[in-house]
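**Student:** File protein_30.pdb follows (PDB, C-alpha atoms):
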ATOM      1  CA  MET T  15       1.272  37.807 -22.569
ATOM      2  CA  LYS T  16       0.236  37.428 -26.190
ATOM      3  CA  LYS T  17       0.662  33.655 -26.344
ATOM      4  CA  ILE T  18       1.152  30.777 -23.964
ATOM      5  CA  PRO T  19       4.838  29.713 -24.230
ATOM      6  CA  ILE T  20       5.270  26.288 -25.820
ATOM      7  CA  TYR T  21       8.360  24.245 -24.980
ATOM      8  CA  LYS T  22       9.689  21.773 -27.522
ATOM      9  CA  PHE T  23      11.817  18.695 -26.946
ATOM     10  CA  ASN T  24      15.566  19.313 -27.310
ATOM     11  CA  LYS T  25      16.338  16.275 -29.456
ATOM     12  CA  HIS T  26      20.057  16.992 -29.777
ATOM     13  CA  LYS T  27      20.826  18.024 -26.209
ATOM     14  CA  TYR T  28      23.371  15.203 -25.959
ATOM     15  CA  GLY T  29      24.607  15.338 -29.565
ATOM     16  CA  ASP T  30      22.945  12.488 -31.427
ATOM     17  CA  GLU T  31      19.160  12.478 -31.487
ATOM     18  CA  LEU T  32      17.639  11.220 -28.233
ATOM     19  CA  LEU T  33      13.880  11.411 -27.679
ATOM     20  CA  VAL T  34      13.833  10.643 -23.955
ATOM     21  CA  ASP T  35      15.339  12.464 -20.978
ATOM     22  CA  VAL T  36      15.163  12.704 -17.190
ATOM     23  CA  ILE T  37      15.682  16.241 -15.933
ATOM     24  CA  ASP T  38      15.822  17.930 -12.547
ATOM     25  CA  PHE T  39      13.458  20.750 -11.659
ATOM     26  CA  GLU T  40      16.130  23.319 -10.795
ATOM     27  CA  PRO T  41      17.174  24.125 -14.398
ATOM     28  CA  MET T  42      13.508  24.718 -15.240
ATOM     29  CA  LEU T  43      12.907  27.222 -12.420
ATOM     30  CA  PRO T  44      14.099  30.419 -14.201
ATOM     31  CA  ASP T  45      11.701  29.776 -17.086
ATOM     32  CA  ILE T  46       8.835  28.840 -14.742
ATOM     33  CA  ARG T  47       9.353  31.963 -12.624
ATOM     34  CA  ARG T  48       9.310  34.068 -15.777
ATOM     35  CA  THR T  49       6.284  32.341 -17.346
ATOM     36  CA  PRO T  50       4.484  30.068 -14.832
ATOM     37  CA  VAL T  51       1.852  29.178 -17.449
ATOM     38  CA  PHE T  52       3.124  27.144 -20.386
ATOM     39  CA  SER T  53       2.565  24.156 -22.649
ATOM     40  CA  MET T  54       4.790  21.378 -24.016
ATOM     41  CA  THR T  55       4.898  19.412 -27.266
ATOM     42  CA  PHE T  56       5.986  16.173 -25.572
ATOM     43  CA  TYR T  57       4.902  13.746 -22.852
ATOM     44  CA  ASN T  58       5.951  14.618 -19.302
ATOM     45  CA  ILE T  59       5.690  12.397 -16.212
ATOM     46  CA  MET T  60       6.686  14.394 -13.144
ATOM     47  CA  LEU T  61       7.738  12.648  -9.944
ATOM     48  CA  VAL T  62       7.355  14.860  -6.853
ATOM     49  CA  LEU T  63      10.172  14.273  -4.349
ATOM     50  CA  GLU T  64       9.818  17.182  -1.901
ATOM     51  CA  GLY T  65       7.806  20.304  -1.224
ATOM     52  CA  SER T  66       4.176  21.369  -1.331
ATOM     53  CA  ASP T  67       2.498  23.649  -3.893
ATOM     54  CA  VAL T  68      -0.669  23.858  -5.951
ATOM     55  CA  ILE T  69      -0.161  22.945  -9.622
ATOM     56  CA  ALA T  70      -2.769  22.843 -12.380
ATOM     57  CA  VAL T  71      -2.764  20.831 -15.598
ATOM     58  CA  ASN T  72      -5.407  21.914 -18.123
ATOM     59  CA  GLY T  73      -7.325  23.678 -15.376
ATOM     60  CA  ARG T  74      -7.344  20.706 -12.985
ATOM     61  CA  SER T  75      -5.419  21.689  -9.876
ATOM     62  CA  ARG T  76      -4.169  19.796  -6.856
ATOM     63  CA  GLN T  77      -2.007  20.309  -3.809
ATOM     64  CA  ILE T  78       1.281  18.663  -4.728
ATOM     65  CA  GLN T  79       3.483  16.830  -2.256
ATOM     66  CA  ARG T  80       5.961  13.962  -2.125
ATOM     67  CA  GLY T  81       4.730  10.734  -3.658
ATOM     68  CA  LEU T  82       2.461  12.278  -6.265
ATOM     69  CA  ILE T  83       2.994  11.704  -9.989
ATOM     70  CA  ILE T  84       1.723  14.151 -12.613
ATOM     71  CA  CYS T  85       1.223  12.905 -16.173
ATOM     72  CA  SER T  86       0.748  15.321 -19.048
ATOM     73  CA  ILE T  87       0.369  14.862 -22.778
ATOM     74  CA  PRO T  88       1.412  17.204 -25.605
ATOM     75  CA  GLY T  89      -0.517  20.463 -25.763
ATOM     76  CA  GLU T  90      -1.798  20.577 -22.198
ATOM     77  CA  VAL T  91      -1.380  23.799 -20.216
ATOM     78  CA  TRP T  92       0.603  23.742 -16.963
ATOM     79  CA  GLU T  93       0.171  26.419 -14.314
ATOM     80  CA  PHE T  94       2.701  26.798 -11.493
ATOM     81  CA  PRO T  95       2.839  29.303  -8.631
ATOM     82  CA  ALA T  96       5.192  32.236  -9.259
ATOM     83  CA  ASN T  97       7.917  30.765  -7.049
ATOM     84  CA  PRO T  98       7.385  26.994  -6.706
ATOM     85  CA  GLN T  99       8.973  25.255  -3.740
ATOM     86  CA  LEU T 100       9.354  21.751  -5.083
ATOM     87  CA  LYS T 101      11.937  19.113  -5.851
ATOM     88  CA  VAL T 102      10.904  16.904  -8.750
ATOM     89  CA  LEU T 103      12.255  14.642 -11.457
ATOM     90  CA  ASN T 104      10.754  14.930 -14.930
ATOM     91  CA  LEU T 105      10.644  12.024 -17.345
ATOM     92  CA  ILE T 106      10.006  13.496 -20.793
ATOM     93  CA  PHE T 107       9.732  11.719 -24.127
ATOM     94  CA  GLU T 108       8.420  11.979 -27.662
ATOM     95  CA  LYS T 109       5.950   9.310 -28.766
ATOM     96  CA  GLU T 110       8.257   8.360 -31.662
ATOM     97  CA  PHE T 111      10.748   7.009 -29.120
ATOM     98  CA  LEU T 112       8.310   4.167 -28.404
ATOM     99  CA  LEU T 113       6.382   3.886 -31.668
ATOM    100  CA  SER T 114       9.516   3.417 -33.760
ATOM    101  CA  PHE T 115      10.287   0.269 -31.762
ATOM    102  CA  PHE T 116       6.860  -1.232 -31.081
ATOM    103  CA  ASN T 117       5.699  -0.497 -34.642
ATOM    104  CA  ASP T 118       2.141   0.065 -33.427
ATOM    105  CA  PRO T 119       0.579   3.512 -34.018
ATOM    106  CA  HIS T 120      -1.921   2.742 -31.235
ATOM    107  CA  PHE T 121       0.658   1.635 -28.672
ATOM    108  CA  LEU T 122       0.103   4.627 -26.369
ATOM    109  CA  ASP T 123      -3.672   4.079 -26.505
ATOM    110  CA  HIS T 124      -3.236   1.236 -24.013
ATOM    111  CA  PHE T 125      -2.192   3.687 -21.283
ATOM    112  CA  GLY T 126      -5.316   5.418 -20.035
ATOM    113  CA  TYR T 127      -3.413   7.958 -17.941
ATOM    114  CA  LEU T 128      -1.851   9.327 -21.160
ATOM    115  CA  GLN T 129      -5.181   9.965 -22.919
ATOM    116  CA  ALA T 130      -6.856  13.341 -23.357
ATOM    117  CA  ASP T 131     -10.130  12.019 -21.869
ATOM    118  CA  ARG T 132      -8.621  10.761 -18.608
ATOM    119  CA  ILE T 133     -10.315  11.832 -15.401
ATOM    120  CA  THR T 134      -7.192  13.259 -13.755
ATOM    121  CA  PRO T 135      -3.520  13.891 -14.593
ATOM    122  CA  PHE T 136      -2.538  13.059 -10.993
ATOM    123  CA  LEU T 137      -1.584   9.575  -9.785
ATOM    124  CA  LYS T 138      -0.821   8.518  -6.191
ATOM    125  CA  PRO T 139       1.055   5.200  -5.997
ATOM    126  CA  ASP T 140       1.844   3.411  -2.770
ATOM    127  CA  GLU T 141       5.294   4.049  -1.326
ATOM    128  CA  ALA T 142       6.834   0.828  -2.632
ATOM    129  CA  THR T 143       5.691   1.513  -6.204
ATOM    130  CA  PHE T 144       6.818   5.134  -5.964
ATOM    131  CA  GLU T 145      10.297   3.975  -4.927
ATOM    132  CA  ARG T 146      10.445   1.498  -7.815
ATOM    133  CA  ILE T 147       9.540   4.231 -10.276
ATOM    134  CA  LEU T 148      12.039   6.617  -8.690
ATOM    135  CA  SER T 149      14.730   3.944  -9.043
ATOM    136  CA  LEU T 150      13.937   3.608 -12.754
ATOM    137  CA  TYR T 151      14.178   7.382 -13.179
ATOM    138  CA  GLN T 152      17.559   7.402 -11.478
ATOM    139  CA  GLU T 153      18.826   4.520 -13.624
ATOM    140  CA  MET T 154      17.689   6.307 -16.785
ATOM    141  CA  LYS T 155      19.412   9.473 -15.611
ATOM    142  CA  VAL T 156      22.657   7.567 -15.071
ATOM    143  CA  GLU T 157      22.415   5.905 -18.492
ATOM    144  CA  ILE T 158      21.832   9.274 -20.173
ATOM    145  CA  SER T 159      24.429  11.230 -18.212
ATOM    146  CA  ASN T 160      27.294   8.772 -17.818
ATOM    147  CA  HIS T 161      27.553   7.114 -21.201
ATOM    148  CA  SER T 162      28.686   8.805 -24.385
ATOM    149  CA  GLU T 163      26.828   6.123 -26.337
ATOM    150  CA  LYS T 164      23.299   6.128 -24.935
ATOM    151  CA  ASP T 165      21.796   2.663 -25.238
ATOM    152  CA  GLN T 166      18.310   3.486 -26.474
ATOM    153  CA  HIS T 167      17.137  -0.111 -25.995
ATOM    154  CA  ILE T 168      17.985   0.060 -22.281
ATOM    155  CA  LEU T 169      16.295   3.455 -21.980
ATOM    156  CA  ARG T 170      13.249   2.248 -23.859
ATOM    157  CA  ALA T 171      12.983  -0.813 -21.618
ATOM    158  CA  MET T 172      13.167   1.344 -18.467
ATOM    159  CA  LEU T 173      10.609   3.799 -19.869
ATOM    160  CA  TYR T 174       8.285   0.905 -20.711
ATOM    161  CA  GLY T 175       8.754  -0.522 -17.201
ATOM    162  CA  THR T 176       7.843   2.863 -15.717
ATOM    163  CA  MET T 177       4.747   3.115 -17.881
ATOM    164  CA  MET T 178       3.559  -0.368 -16.909
ATOM    165  CA  LEU T 179       3.969   0.445 -13.213
ATOM    166  CA  LEU T 180       1.975   3.632 -13.724
ATOM    167  CA  GLN T 181      -0.684   1.645 -15.557
ATOM    168  CA  ARG T 182      -0.994  -0.583 -12.504
ATOM    169  CA  VAL T 183      -1.410   2.509 -10.319
ATOM    170  CA  ALA T 184      -4.014   3.932 -12.700
ATOM    171  CA  MET T 185      -5.949   0.648 -12.784
ATOM    172  CA  VAL T 186      -6.066   0.515  -8.986
ATOM    173  CA  GLY T 187      -7.471   4.040  -9.112
ATOM    174  CA  THR T 188     -10.028   2.859 -11.658
ATOM    175  CA  GLU T 189     -11.246   0.137  -9.324
ATOM    176  CA  THR T 190     -11.489   2.408  -6.276
ATOM    177  CA  THR T 191     -12.636   5.737  -7.740
ATOM    178  CA  GLU T 192     -14.503   4.672 -10.882
ATOM    179  CA  THR T 193     -12.150   6.509 -13.199
ATOM    180  CA  VAL T 194     -12.173   5.630 -16.888
ATOM    181  CA  GLY T 195     -10.423   2.355 -17.724
ATOM    182  CA  ARG T 196     -10.146   0.093 -20.759
ATOM    183  CA  THR T 197     -10.231  -3.670 -21.067
ATOM    184  CA  GLN T 198      -9.009  -5.775 -23.956
ATOM    185  CA  THR T 199     -12.582  -6.170 -25.235
ATOM    186  CA  ASP T 200     -12.895  -2.373 -25.419
ATOM    187  CA  ILE T 201      -9.855  -1.904 -27.646
ATOM    188  CA  PRO T 202     -11.509  -1.816 -31.139
ATOM    189  CA  VAL T 203     -14.027   0.869 -30.140
ATOM    190  CA  SER T 204     -11.572   2.670 -27.851
ATOM    191  CA  ARG T 205      -9.143   2.973 -30.742
ATOM    192  CA  TYR T 206     -11.756   4.851 -32.754
ATOM    193  CA  VAL T 207     -12.499   7.051 -29.754
ATOM    194  CA  ASP T 208      -8.823   7.614 -28.937
ATOM    195  CA  ASP T 209      -8.101   8.448 -32.572
ATOM    196  CA  PHE T 210     -11.060  10.843 -32.537
ATOM    197  CA  VAL T 211      -9.759  12.522 -29.370
ATOM    198  CA  GLN T 212      -6.302  12.879 -30.929
ATOM    199  CA  LEU T 213      -7.728  14.217 -34.200
ATOM    200  CA  VAL T 214      -9.795  16.776 -32.309
ATOM    201  CA  SER T 215      -6.721  17.816 -30.328
ATOM    202  CA  ASP T 216      -4.843  18.319 -33.597
ATOM    203  CA  HIS T 217      -7.571  19.991 -35.675
ATOM    204  CA  PHE T 218     -10.279  21.556 -33.489
ATOM    205  CA  HIS T 219      -9.016  25.069 -34.246
ATOM    206  CA  GLU T 220     -10.048  24.796 -37.867
ATOM    207  CA  GLU T 221     -12.434  21.793 -38.037
ATOM    208  CA  HIS T 222     -15.640  22.124 -35.996
ATOM    209  CA  GLY T 223     -17.898  19.558 -37.689
ATOM    210  CA  THR T 224     -18.277  15.867 -36.832
ATOM    211  CA  GLU T 225     -18.279  14.926 -40.521
ATOM    212  CA  TYR T 226     -14.587  15.803 -40.888
ATOM    213  CA  TYR T 227     -13.577  13.469 -38.043
ATOM    214  CA  ALA T 228     -15.896  10.673 -39.150
ATOM    215  CA  ASP T 229     -14.416  10.853 -42.655
ATOM    216  CA  ARG T 230     -10.880  10.728 -41.272
ATOM    217  CA  LEU T 231     -11.806   7.615 -39.268
ATOM    218  CA  CYS T 232     -13.667   6.056 -42.217
ATOM    219  CA  ILE T 233     -16.881   5.642 -40.222
ATOM    220  CA  THR T 234     -20.276   7.344 -40.340
ATOM    221  CA  SER T 235     -21.104  10.402 -38.258
ATOM    222  CA  ASN T 236     -23.904   8.465 -36.545
ATOM    223  CA  TYR T 237     -21.538   5.683 -35.485
ATOM    224  CA  LEU T 238     -18.954   8.204 -34.305
ATOM    225  CA  ASN T 239     -21.574   9.940 -32.181
ATOM    226  CA  LYS T 240     -22.712   6.612 -30.743
ATOM    227  CA  ILE T 241     -19.274   5.377 -29.634
ATOM    228  CA  VAL T 242     -18.166   8.802 -28.384
ATOM    229  CA  ARG T 243     -21.323   9.116 -26.314
ATOM    230  CA  GLN T 244     -20.808   5.600 -24.913
ATOM    231  CA  SER T 245     -17.163   6.270 -24.029
ATOM    232  CA  LEU T 246     -17.133   9.956 -23.069
ATOM    233  CA  GLY T 247     -20.741  10.544 -22.044
ATOM    234  CA  LYS T 248     -21.358  13.239 -24.651
ATOM    235  CA  SER T 249     -21.863  13.551 -28.399
ATOM    236  CA  ALA T 250     -18.933  14.044 -30.753
ATOM    237  CA  LYS T 251     -20.203  17.550 -31.564
ATOM    238  CA  THR T 252     -20.326  18.460 -27.868
ATOM    239  CA  TYR T 253     -16.835  17.047 -27.291
ATOM    240  CA  ILE T 254     -15.450  19.147 -30.166
ATOM    241  CA  LEU T 255     -17.197  22.256 -28.862
ATOM    242  CA  ASP T 256     -15.879  21.610 -25.343
ATOM    243  CA  GLN T 257     -12.300  21.605 -26.668
ATOM    244  CA  ILE T 258     -12.913  24.798 -28.638
ATOM    245  CA  LEU T 259     -14.395  26.586 -25.641
ATOM    246  CA  ALA T 260     -11.672  25.303 -23.315
ATOM    247  CA  GLU T 261      -9.079  26.768 -25.680
ATOM    248  CA  ALA T 262     -11.038  30.023 -25.869
ATOM    249  CA  CYS T 263     -11.071  30.199 -22.072
ATOM    250  CA  ARG T 264      -7.308  29.578 -21.907
ATOM    251  CA  LEU T 265      -6.643  32.302 -24.468
ATOM    252  CA  LEU T 266      -8.903  34.747 -22.650
ATOM    253  CA  ARG T 267      -7.309  33.977 -19.312
ATOM    254  CA  TYR T 268      -3.645  33.756 -20.245
ATOM    255  CA  THR T 269      -3.209  36.064 -23.256
ATOM    256  CA  THR T 270      -4.067  39.606 -24.274
ATOM    257  CA  LEU T 271      -5.522  38.583 -27.641
ATOM    258  CA  SER T 272      -8.697  40.467 -28.513
ATOM    259  CA  VAL T 273     -12.026  38.659 -28.752
ATOM    260  CA  SER T 274     -11.993  39.076 -32.529
ATOM    261  CA  ASP T 275      -8.447  37.661 -32.709
ATOM    262  CA  ILE T 276      -9.486  34.624 -30.634
ATOM    263  CA  ALA T 277     -12.568  34.134 -32.825
ATOM    264  CA  ALA T 278     -10.359  34.207 -35.920
ATOM    265  CA  GLN T 279      -7.764  31.883 -34.373
ATOM    266  CA  LEU T 280     -10.531  29.388 -33.604
ATOM    267  CA  HIS T 281     -11.967  29.751 -37.116
ATOM    268  CA  PHE T 282     -15.383  31.150 -36.207
ATOM    269  CA  ASP T 283     -17.074  32.838 -39.167
ATOM    270  CA  THR T 284     -17.541  36.062 -37.199
ATOM    271  CA  SER T 285     -16.618  37.339 -33.756
ATOM    272  CA  THR T 286     -20.350  37.936 -33.132
ATOM    273  CA  TYR T 287     -21.069  34.235 -33.652
ATOM    274  CA  PHE T 288     -18.179  33.325 -31.343
ATOM    275  CA  VAL T 289     -19.518  35.646 -28.619
ATOM    276  CA  ARG T 290     -22.997  34.122 -28.963
ATOM    277  CA  ILE T 291     -21.739  30.521 -28.743
ATOM    278  CA  PHE T 292     -19.403  31.353 -25.839
ATOM    279  CA  GLY T 293     -22.170  33.110 -23.913
ATOM    280  CA  LYS T 294     -24.642  30.277 -24.492
ATOM    281  CA  HIS T 295     -22.327  27.544 -23.191
ATOM    282  CA  VAL T 296     -20.122  29.367 -20.671
ATOM    283  CA  GLY T 297     -22.834  31.596 -19.255
ATOM    284  CA  GLN T 298     -21.101  34.930 -19.736
ATOM    285  CA  THR T 299     -19.502  36.987 -22.472
ATOM    286  CA  PRO T 300     -15.818  36.451 -23.325
ATOM    287  CA  LEU T 301     -14.897  39.858 -21.873
ATOM    288  CA  LYS T 302     -16.773  39.146 -18.640
ATOM    289  CA  TYR T 303     -15.016  35.781 -18.401
ATOM    290  CA  ARG T 304     -11.613  37.446 -18.899
ATOM    291  CA  GLU T 305     -12.371  40.133 -16.346
ATOM    292  CA  LYS T 306     -13.573  37.637 -13.748
ATOM    293  CA  SER T 307     -10.730  35.139 -14.225
ATOM    294  CA  GLN T 308      -8.069  37.841 -14.047
ATOM    295  CA  SER T 309      -9.598  39.392 -10.928
ATOM    296  CA  LEU T 310      -9.484  35.989  -9.197
ATOM    297  CA  GLU T 311      -5.732  35.745  -9.839
ATOM    298  CA  LYS T 312      -4.921  39.090  -8.184
TER     299      LYS T 312
END
Output the file's structure as structure tokens, nothing else.
**Tutor:**
Amino acid sequence: MKKIPIYKFNKHKYGDELLVDVIDFEPMLPDIRRTPVFSMTFYNIMLVLEGSDVIAVNGRSRQIQRGLIICSIPGEVWEFPANPQLKVLNLIFEKEFLLSFFNDPHFLDHFGYLQADRITPFLKPDEATFERILSLYQEMKVEISNHSEKDQHILRAMLYGTMMLLQRVAMVGTETTETVGRTQTDIPVSRYVDDFVQLVSDHFHEEHGTEYYADRLCITSNYLNKIVRQSLGKSAKTYILDQILAEACRLLRYTTLSVSDIAAQLHFDTSTYFVRIFGKHVGQTPLKYREKSQSLEK
């Protein structure tokens, strides 16, 4: 596999542009069986209704069963078993569906479970909350399927209601498991950090230096390092490098790209420098990492 498949949102599935949908798992199965490792350009909140399988999102895996909710953001890598035995409902949406209405570019920053630096993509609500969320999914599905004129205000309201319920679940998890949470007093700094995380996600392939991100945020490199270290527990430079190496590991594990091709794709000056940096931080050469990871999957 030369590249990880990337699925894009079908904006005109129902004719006029619609940036939200609720889809069953069954239509996805042929694609998943063909390529069980893939990425998406949109937000996906998966509600598990039946079955039991191990699923990984960005390398974080968990045994999946009824009542679990999996939240992923654009660009993250999903990994399914070759023949998943699950029944799920997927709520998918583009961020523009919400931002165009709320007129706040930082609106999604308020939802910690949709941030790149979250502790886990998996949420476990109590049964009553799970049923409320399931009911909202089903109502959205009816609105989308049964009406030629989709009322986007109704759909947006139900999506927002779902997100607020999930925020409540995530906050309970924060209190009991010490996961990362945000309070209103954290918002000014967290916005810088969230914008930094998003910028790194968008540009880490070609921009490796902290100065680029500090300039984009209109702050100094020293201040960026300070707030990133306070929020994420590491320097901005280390965070950027972590994303680069995580991408390198994904490419080594899931593609047949050569080491020199991966070095070029990640904008290292030379493949020798890439091999040296990879070995220093991962503890083995890229080829050894590929060999070991592929042997574990057999």
**Student:** Here's the selection I'm unsure about, the PyMOL selection byres ((chain T and resi 65) around 8); applied to the file above, which residues does it give, as a PyMOL selection string?
**Tutor:** chain T and resi 62-64+66-67+78-80+99-101
**Student:** Show me, as JSON, numbers by chain, the residues that have an atom within 12 Å of Cys232 (chain T) when counting all atoms listed in the file, minus same-chain residues fewer than 5 positions from it.
**Tutor:** {"T": [206, 209, 210, 225, 226, 227, 237, 238]}
**Student:** I need the residue set behind the PyMOL selection byres ((chain T and resi 270-277) around 9) for this file; please write it as JSON, numbers by chain.
**Tutor:** {"T": [15, 16, 17, 262, 265, 266, 267, 268, 269, 278, 279, 280, 281, 282, 283, 284, 285, 286, 287, 288, 289, 300, 301]}
**Student:** Which residues, protein or nucleic acid, reach to within 6 Å of (-20.1, 12.9, -35.7) in the file's coordinates when using only C-alpha atoms, and can you give that as a ChimeraX atom specification?
**Tutor:** /T:224-225,228,235-236,238-239,250
**Student:** Considering all atoms listed in the file, state which residue in the set T:Leu148, T:Ile69, T:Leu173, T:Val207 is at the smallest distance from Phe94 (chain T).
**Tutor:**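 Checking each of T:Leu148, T:Ile69, T:Leu173, T:Val207 against Phe94 (chain T), counting all atoms listed in the file, the winner is T:Ile69.
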**Student:** Enumerate, in order of chain and increasing residue number, the residues of region 92-163 of chain T with an atom no farther than 8 Å from region 39-57 of chain T, each with its shortest atom pair and distance in Å to one decimal, counting only C-alpha atoms, as CSV.
**Tutor:**
residue,atom,partner,partner_atom,distance
T:Trp92,CA,T:Phe52,CA,5.4
T:Glu93,CA,T:Val51,CA,4.5
T:Phe94,CA,T:Pro50,CA,5.0
T:Pro95,CA,T:Pro50,CA,6.5
T:Ala96,CA,T:Arg47,CA,5.4
T:Asn97,CA,T:Arg47,CA,5.9
T:Pro98,CA,T:Leu43,CA,7.9
T:Leu100,CA,T:Phe39,CA,7.8
T:Lys101,CA,T:Phe39,CA,6.2
T:Val102,CA,T:Phe39,CA,5.5
T:Leu103,CA,T:Phe39,CA,6.2
T:Asn104,CA,T:Phe39,CA,7.2
T:Ile106,CA,T:Tyr57,CA,5.5
T:Phe107,CA,T:Tyr57,CA,5.4
T:Glu108,CA,T:Phe56,CA,5.3
T:Lys109,CA,T:Tyr57,CA,7.5
**Student:** For each of T:Phe136, T:Pro119, T:Leu180, T:Leu255, take the minimum atom-to-atom distance to Ser75 (chain T), counting only C-alpha atoms, then give the residue where this is smallest.
**Tutor:**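 Answer, going by the shortest atom-to-atom distance: T:Phe136.
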**Student:** Which neighbours of region 121-134 of chain T fall inside 9 Å, counting all atoms listed in the file, when residues of the same chain fewer than 3 positions from it are skipped, and could you give them as a PyMOL selection string?
**Tutor:** chain T and resi 57+71+74+85-87+90+109+112-113+116-118+137+177-178+180-181+184-185+193-196+201+204-205+208-209+211-212+215+246
**Student:** Starting from the PyMOL selection byres ((chain T and resi 144) around 12), expand the selection into actual residues of this file and give them as a list in words.
**Tutor:**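 So the PyMOL selection byres ((chain T and resi 144) around 12) ends up selecting Met60, Leu61, Val62, Leu63, Arg80, Gly81, Leu82, Ile83, Leu137, Lys138, Pro139, Asp140, Glu141, Ala142, Thr143, Glu145, Arg146, Ile147, Leu148, Ser149, Leu150, Tyr151, Thr176, Leu179, Leu180, Arg182 and Val183 of chain T.
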**Student:** If I take CA of His217 (chain T) and CA of Ile18 (chain T), how far is one from the other in Å, to one decimal?
**Tutor:**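 Here the two named atoms are 18.2 Å from each other.
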**Student:** Between CA of Glu110 (chain T) and CA of Gln152 (chain T), what distance in Å does the model show, to one decimal?
**Tutor:**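 So the two atoms, CA of Glu110 (chain T) and CA of Gln152 (chain T), lie 22.2 Å apart.
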**Student:** Would you place a box with edges along x, y and z of the file around all atoms of region 274-283 of chain T listed there, add 8 Å to each of its six sides, and report the centre and edge lengths in Å to one decimal, as lines of an AutoDock Vina configuration file?
**Tutor:**
center_x = -12.4
center_y = 34.2
center_z = -34.9
size_x = 25.3
size_y = 25.7
size_z = 24.5
**Student:** Do you know which residues are at most 12 Å from Lys25 (chain T) counting only C-alpha atoms, after dropping those on the same chain fewer than 2 positions away, and could you put them as a tab-separated table (two decimals) with C-alpha atoms, in the frame of the given file?
**Tutor:**
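Full text of part-v7.tsv as output:
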chain	number	residue	atom	x	y	z
T	22	LYS	CA	9.69	21.77	-27.52
T	23	PHE	CA	11.82	18.70	-26.95
T	27	LYS	CA	20.83	18.02	-26.21
T	28	TYR	CA	23.37	15.20	-25.96
T	29	GLY	CA	24.61	15.34	-29.56
T	30	ASP	CA	22.94	12.49	-31.43
T	31	GLU	CA	19.16	12.48	-31.49
T	32	LEU	CA	17.64	11.22	-28.23
T	33	LEU	CA	13.88	11.41	-27.68
T	34	VAL	CA	13.83	10.64	-23.96
T	35	ASP	CA	15.34	12.46	-20.98
T	56	PHE	CA	5.99	16.17	-25.57
T	106	ILE	CA	10.01	13.50	-20.79
T	107	PHE	CA	9.73	11.72	-24.13
T	108	GLU	CA	8.42	11.98	-27.66
T	110	GLU	CA	8.26	8.36	-31.66
T	111	PHE	CA	10.75	7.01	-29.12
**Student:** Looking at T:Val91, T:Ile291, T:Ile37, T:Ile84, which one is nearest to Arg264 (chain T), with distances taken over all atoms listed in the file?
**Tutor:**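 The answer is T:Val91, which sits nearest to Arg264 (chain T).
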**Student:** Between T:Cys263, T:Val214, T:Phe292, T:Gly247, which residue has the minimum interatomic distance to Lys306 (chain T), considering all atoms listed in the file?
**Tutor:**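 For Lys306 (chain T), the nearest of the given residues is T:Cys263.
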**Student:** Identify which of the residues T:Ala260, T:Arg243, T:His219, T:Met172 lies closest to Glu157 (chain T), counting all atoms listed in the file when measuring atom-to-atom distances.
**Tutor:**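 The closest residue to Glu157 (chain T) is T:Met172.
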**Student:** CA of Asp216 (chain T) and CA of Asp38 (chain T), how far apart in Å?
**Tutor:**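 Calculated distance between CA of Asp38 (chain T) and CA of Asp216 (chain T) is 29.5 Å.
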**Student:** Could you give me region 217-227 of chain T completed to N, CA and C atoms, formatted as a PDB file, keeping the file's coordinate frame?
**Tutor:**
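Result file part.pdb:
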ATOM      1  N   HIS T 217      -6.891  19.227 -34.617  1.00  0.00           N
ATOM      2  CA  HIS T 217      -7.571  19.991 -35.675  1.00  0.00           C
ATOM      3  C   HIS T 217      -8.764  20.826 -35.210  1.00  0.00           C
ATOM      4  N   PHE T 218      -9.052  20.869 -33.897  1.00  0.00           N
ATOM      5  CA  PHE T 218     -10.279  21.556 -33.489  1.00  0.00           C
ATOM      6  C   PHE T 218     -10.262  23.051 -33.797  1.00  0.00           C
ATOM      7  N   HIS T 219      -9.062  23.647 -33.921  1.00  0.00           N
ATOM      8  CA  HIS T 219      -9.016  25.069 -34.246  1.00  0.00           C
ATOM      9  C   HIS T 219      -9.728  25.366 -35.564  1.00  0.00           C
ATOM     10  N   GLU T 220      -9.512  24.497 -36.540  1.00  0.00           N
ATOM     11  CA  GLU T 220     -10.048  24.796 -37.867  1.00  0.00           C
ATOM     12  C   GLU T 220     -11.215  23.895 -38.280  1.00  0.00           C
ATOM     13  N   GLU T 221     -11.376  22.728 -37.641  1.00  0.00           N
ATOM     14  CA  GLU T 221     -12.434  21.793 -38.037  1.00  0.00           C
ATOM     15  C   GLU T 221     -13.426  21.614 -36.888  1.00  0.00           C
ATOM     16  N   HIS T 222     -14.640  22.145 -37.059  1.00  0.00           N
ATOM     17  CA  HIS T 222     -15.640  22.124 -35.996  1.00  0.00           C
ATOM     18  C   HIS T 222     -16.728  21.078 -36.208  1.00  0.00           C
ATOM     19  N   GLY T 223     -16.806  20.473 -37.380  1.00  0.00           N
ATOM     20  CA  GLY T 223     -17.898  19.558 -37.689  1.00  0.00           C
ATOM     21  C   GLY T 223     -17.538  18.099 -37.491  1.00  0.00           C
ATOM     22  N   THR T 224     -18.521  17.289 -37.074  1.00  0.00           N
ATOM     23  CA  THR T 224     -18.277  15.867 -36.832  1.00  0.00           C
ATOM     24  C   THR T 224     -17.965  15.122 -38.133  1.00  0.00           C
ATOM     25  N   GLU T 225     -18.476  15.628 -39.253  1.00  0.00           N
ATOM     26  CA  GLU T 225     -18.279  14.926 -40.521  1.00  0.00           C
ATOM     27  C   GLU T 225     -16.794  14.799 -40.865  1.00  0.00           C
ATOM     28  N   TYR T 226     -16.025  15.839 -40.592  1.00  0.00           N
ATOM     29  CA  TYR T 226     -14.587  15.803 -40.888  1.00  0.00           C
ATOM     30  C   TYR T 226     -13.917  14.649 -40.152  1.00  0.00           C
ATOM     31  N   TYR T 227     -14.226  14.492 -38.865  1.00  0.00           N
ATOM     32  CA  TYR T 227     -13.577  13.469 -38.043  1.00  0.00           C
ATOM     33  C   TYR T 227     -14.077  12.072 -38.411  1.00  0.00           C
TER      34      TYR T 227
END
